[in-house]
Amino acid sequence: MTRERIISGKPISPEEDTFTWSLRPKTLKEYIGQNTVVKKLLISLEASGIRGEPQEHLLLHGPPGLGKTTLAYIVSREMGTRLVTTTGPTLSKIADLMGIMTNLDNRDVLFIDEIHRLPTAVEEFIYPAMEDFRVDFIVDKGPFSKVINVPLKRFTLIGATTRVGLLSAPLRDRFGITYHLDFYSHDEMKEIVVRSAGMLDIKIDKEGADIIASSSRGTPRIANRLLRRARDYAIVKADGNITGEVARKAFDLEGIDSLGLDDLDRILLKVIIDYYKGGPVGIEAVAATLSEEVNTLEEMVEPYLLKIGFLIRTKRGRMVSQEAYKHLGIPFTVSGQASLFA
Ligand SMILES: Nc1ncnc2c1ncn2[C@@H]1O[C@H](COP(=O)(O)OP(=O)(O)OP(=O)(O)O)[C@@H](O)[C@H]1O
Ligand SMILES: [Mg+2]
């Protein structure tokens, strides 16, 4: 089953991506949150600048919509070089990548989004490019085949993935630096909402920003989307200003609660409570009961529920926490489930 979720971390339309383009921070200074990553990146960029060398290959991983693509753009901007972007699933042929890589200049940045979806042959082709800045190109087949060594310029590869666990070890090991982007704090989210509102000329008060921040699942892309929904609601149903009340009403209409949970989140928790006594239960069983893909649940639903402690991952499967019962208004019974928490 596919559903469109407003609180999805992924872009829900190409138009949306075009729109949020303008909201992307352009420098590390402008980049809100992810403080540790930003600090380390500043040092690494400065060092490579001083040494006159390219930035080490960089792997960014974390849930969708947290700013991986934004960071790749910033890195190339800070280095004053070009950024060439592509994605794992579109690089189906070695020749495609060959064309891209031979056109790269010194210190250019090659950004490969969804790098966990690179075909194996293409992945193996990248290893020598990352290590020694050369590629081995095989021409002809059979007895006349030859390996041609093509030298490349010293570029920087930035890989982004939402599923770092799916990356092969040899590929992961070839990145000099790996950064994990985590969900943003409430205060950081508020700052992002206020910044975006300012850039879009949207009037919003403190309570309005508060509500949007707490409904955005620690994800800037969702915050920007909810900001626009609240603005539309404010224009039609109020005087155009986003107050706390306006934002709350707008999100009630969309079925988004005070923690940013939507129907799918609540159904998932309720299925575990109703059918599996609160767990533990395997994700496959939950997915089957919900007629959802395991992948969707693992990538789009679970991370945030785990983050806020509503779901707990155990060796025997997922369990719903006492806080989740409370949030859903379901009495927490002292049964087998409760004793497991004791
Ligand atoms: N640190 C930040 N400060 C302000 N806005 C941000 C920040 N990070 C991201 N954004 C906003 O969130 C949007 C989504 O960010 P981005 O496209 O970089 O996410 P992503 O992690 O690459 O997501 P995906 O995994 O889906 O590719 C951007 O358009 C930008 O407006
Ligand atoms: Mg992206």
# chains A, B, ... in the order shown; residues from 1 in each chain; ligands from 1
>>> residues_near_ligand(ligand="ligand 2", cutoff="12 Å", atoms="only C-alpha atoms and all ligand atoms", output="VMD selection string")
chain A and resid 9 to 11 17 20 to 21 24 60 to 73 85 to 87 111 to 115 158 to 162 220 to 221
>>> select_by_dssp(residues="segment 115-305 of chain A", states="strand (DSSP E or B)", output="VMD selection string")
chain A and resid 134 to 139 146 to 151 156 to 161 177 to 180 204 242 281
>>> write_last_selection(atoms="C-alpha atoms", output="mmCIF file, in the first residue's frame")
data_model
loop_
_atom_site.group_PDB
_atom_site.id
_atom_site.type_symbol
_atom_site.label_atom_id
_atom_site.label_comp_id
_atom_site.auth_asym_id
_atom_site.auth_seq_id
_atom_site.Cartn_x
_atom_site.Cartn_y
_atom_site.Cartn_z
ATOM 1 C CA ARG A 134 41.985 6.074 -11.474
ATOM 2 C CA VAL A 135 39.533 3.748 -13.102
ATOM 3 C CA ASP A 136 40.113 0.457 -14.807
ATOM 4 C CA PHE A 137 38.105 0.289 -17.959
ATOM 5 C CA ILE A 138 37.779 -3.026 -19.727
ATOM 6 C CA VAL A 139 37.506 -2.840 -23.507
ATOM 7 C CA LYS A 146 42.249 -5.174 -22.372
ATOM 8 C CA VAL A 147 42.227 -3.203 -19.161
ATOM 9 C CA ILE A 148 42.781 0.460 -19.775
ATOM 10 C CA ASN A 149 43.888 2.584 -16.849
ATOM 11 C CA VAL A 150 42.328 6.003 -16.908
ATOM 12 C CA PRO A 151 43.693 8.563 -14.449
ATOM 13 C CA THR A 156 35.834 14.380 -3.508
ATOM 14 C CA LEU A 157 33.063 11.812 -3.371
ATOM 15 C CA ILE A 158 30.155 12.550 -1.074
ATOM 16 C CA GLY A 159 27.792 9.642 -0.605
ATOM 17 C CA ALA A 160 24.425 9.979 1.096
ATOM 18 C CA THR A 161 22.231 7.193 2.366
ATOM 19 C CA ILE A 177 34.924 10.472 7.017
ATOM 20 C CA THR A 178 31.481 9.246 8.016
ATOM 21 C CA TYR A 179 28.921 11.512 9.636
ATOM 22 C CA HIS A 180 25.577 10.540 11.022
ATOM 23 C CA ILE A 204 4.172 33.584 12.473
ATOM 24 C CA ILE A 242 0.195 31.710 11.935
ATOM 25 C CA VAL A 281 6.771 -8.669 17.697
#
>>> residues_around(residues="Gly208 of chain A", least_positions_apart="2", cutoff="10 Å", atoms="only C-alpha atoms", output="PyMOL selection string")
chain A and resi 190+193-194+203-206+210-213+227+230+241-248
>>> write_last_selection(atoms="C-alpha atoms", output="PDB file, in the first residue's frame")
ATOM      1  CA  LYS A 190      12.000  26.331  15.947  1.00  0.00           C
ATOM      2  CA  VAL A 193      10.815  27.387  11.122  1.00  0.00           C
ATOM      3  CA  VAL A 194      11.420  31.042  11.986  1.00  0.00           C
ATOM      4  CA  LYS A 203       3.898  35.904   9.519  1.00  0.00           C
ATOM      5  CA  ILE A 204       4.172  33.584  12.473  1.00  0.00           C
ATOM      6  CA  ASP A 205       4.241  34.097  16.238  1.00  0.00           C
ATOM      7  CA  LYS A 206       6.198  32.197  18.894  1.00  0.00           C
ATOM      8  CA  ASP A 210       6.424  26.093  18.607  1.00  0.00           C
ATOM      9  CA  ILE A 211       3.559  23.974  17.269  1.00  0.00           C
ATOM     10  CA  ILE A 212       5.168  23.552  13.842  1.00  0.00           C
ATOM     11  CA  ALA A 213       8.489  22.633  15.458  1.00  0.00           C
ATOM     12  CA  LEU A 227       4.841  25.800   7.503  1.00  0.00           C
ATOM     13  CA  ALA A 230      -0.274  26.346   8.174  1.00  0.00           C
ATOM     14  CA  ASN A 241      -0.924  35.082  10.659  1.00  0.00           C
ATOM     15  CA  ILE A 242       0.195  31.710  11.935  1.00  0.00           C
ATOM     16  CA  THR A 243      -0.615  31.618  15.639  1.00  0.00           C
ATOM     17  CA  GLY A 244      -0.463  28.555  17.863  1.00  0.00           C
ATOM     18  CA  GLU A 245      -4.207  28.089  17.485  1.00  0.00           C
ATOM     19  CA  VAL A 246      -4.141  28.400  13.702  1.00  0.00           C
ATOM     20  CA  ALA A 247      -1.290  25.879  13.405  1.00  0.00           C
ATOM     21  CA  ARG A 248      -3.006  23.426  15.770  1.00  0.00           C
TER      22      ARG A 248
END
>>> closest_residue(among="A:Leu269, A:Ile202, A:Ile12, A:Met101", to="Gly329 of chain A", atoms="only C-alpha atoms")
A:Leu269
>>> select_by_dssp(residues="segment 26-273 of chain A", states="alpha helix (DSSP H)", output="VMD selection string")
chain A and resid 35 to 51 68 to 79 94 to 102 120 to 132 169 to 173 186 to 200 206 to 215 220 to 237 244 to 253 263 to 273
>>> closest_residue(among="A:Ser48, A:Ser185, A:Asn106, A:Thr90", to="ligand 1", atoms="only C-alpha atoms and all ligand atoms")
A:Ser185
>>> closest_residue(among="A:Arg51, A:Lys26, A:His116, A:Arg225", to="Leu171 of chain A", atoms="only C-alpha atoms")
A:His116
>>> residues_around(residues="Gly80 of chain A", least_positions_apart="6", cutoff="10 Å", atoms="only C-alpha atoms", output="list in words")
Ile74, Arg107 and Asp108 of chain A
>>> atom_distance(atom1="atom CA of Leu328 of chain A", atom2="atom CA of Ile6 of chain A")
20.1 Å
>>> residues_around(residues="Glu298 of chain A", least_positions_apart="2", cutoff="12 Å", atoms="only C-alpha atoms", output="number ranges by chain")
A: 63, 162-163, 165, 265, 268, 282-284, 286-287, 292-296, 300-306, 311, 313, 318
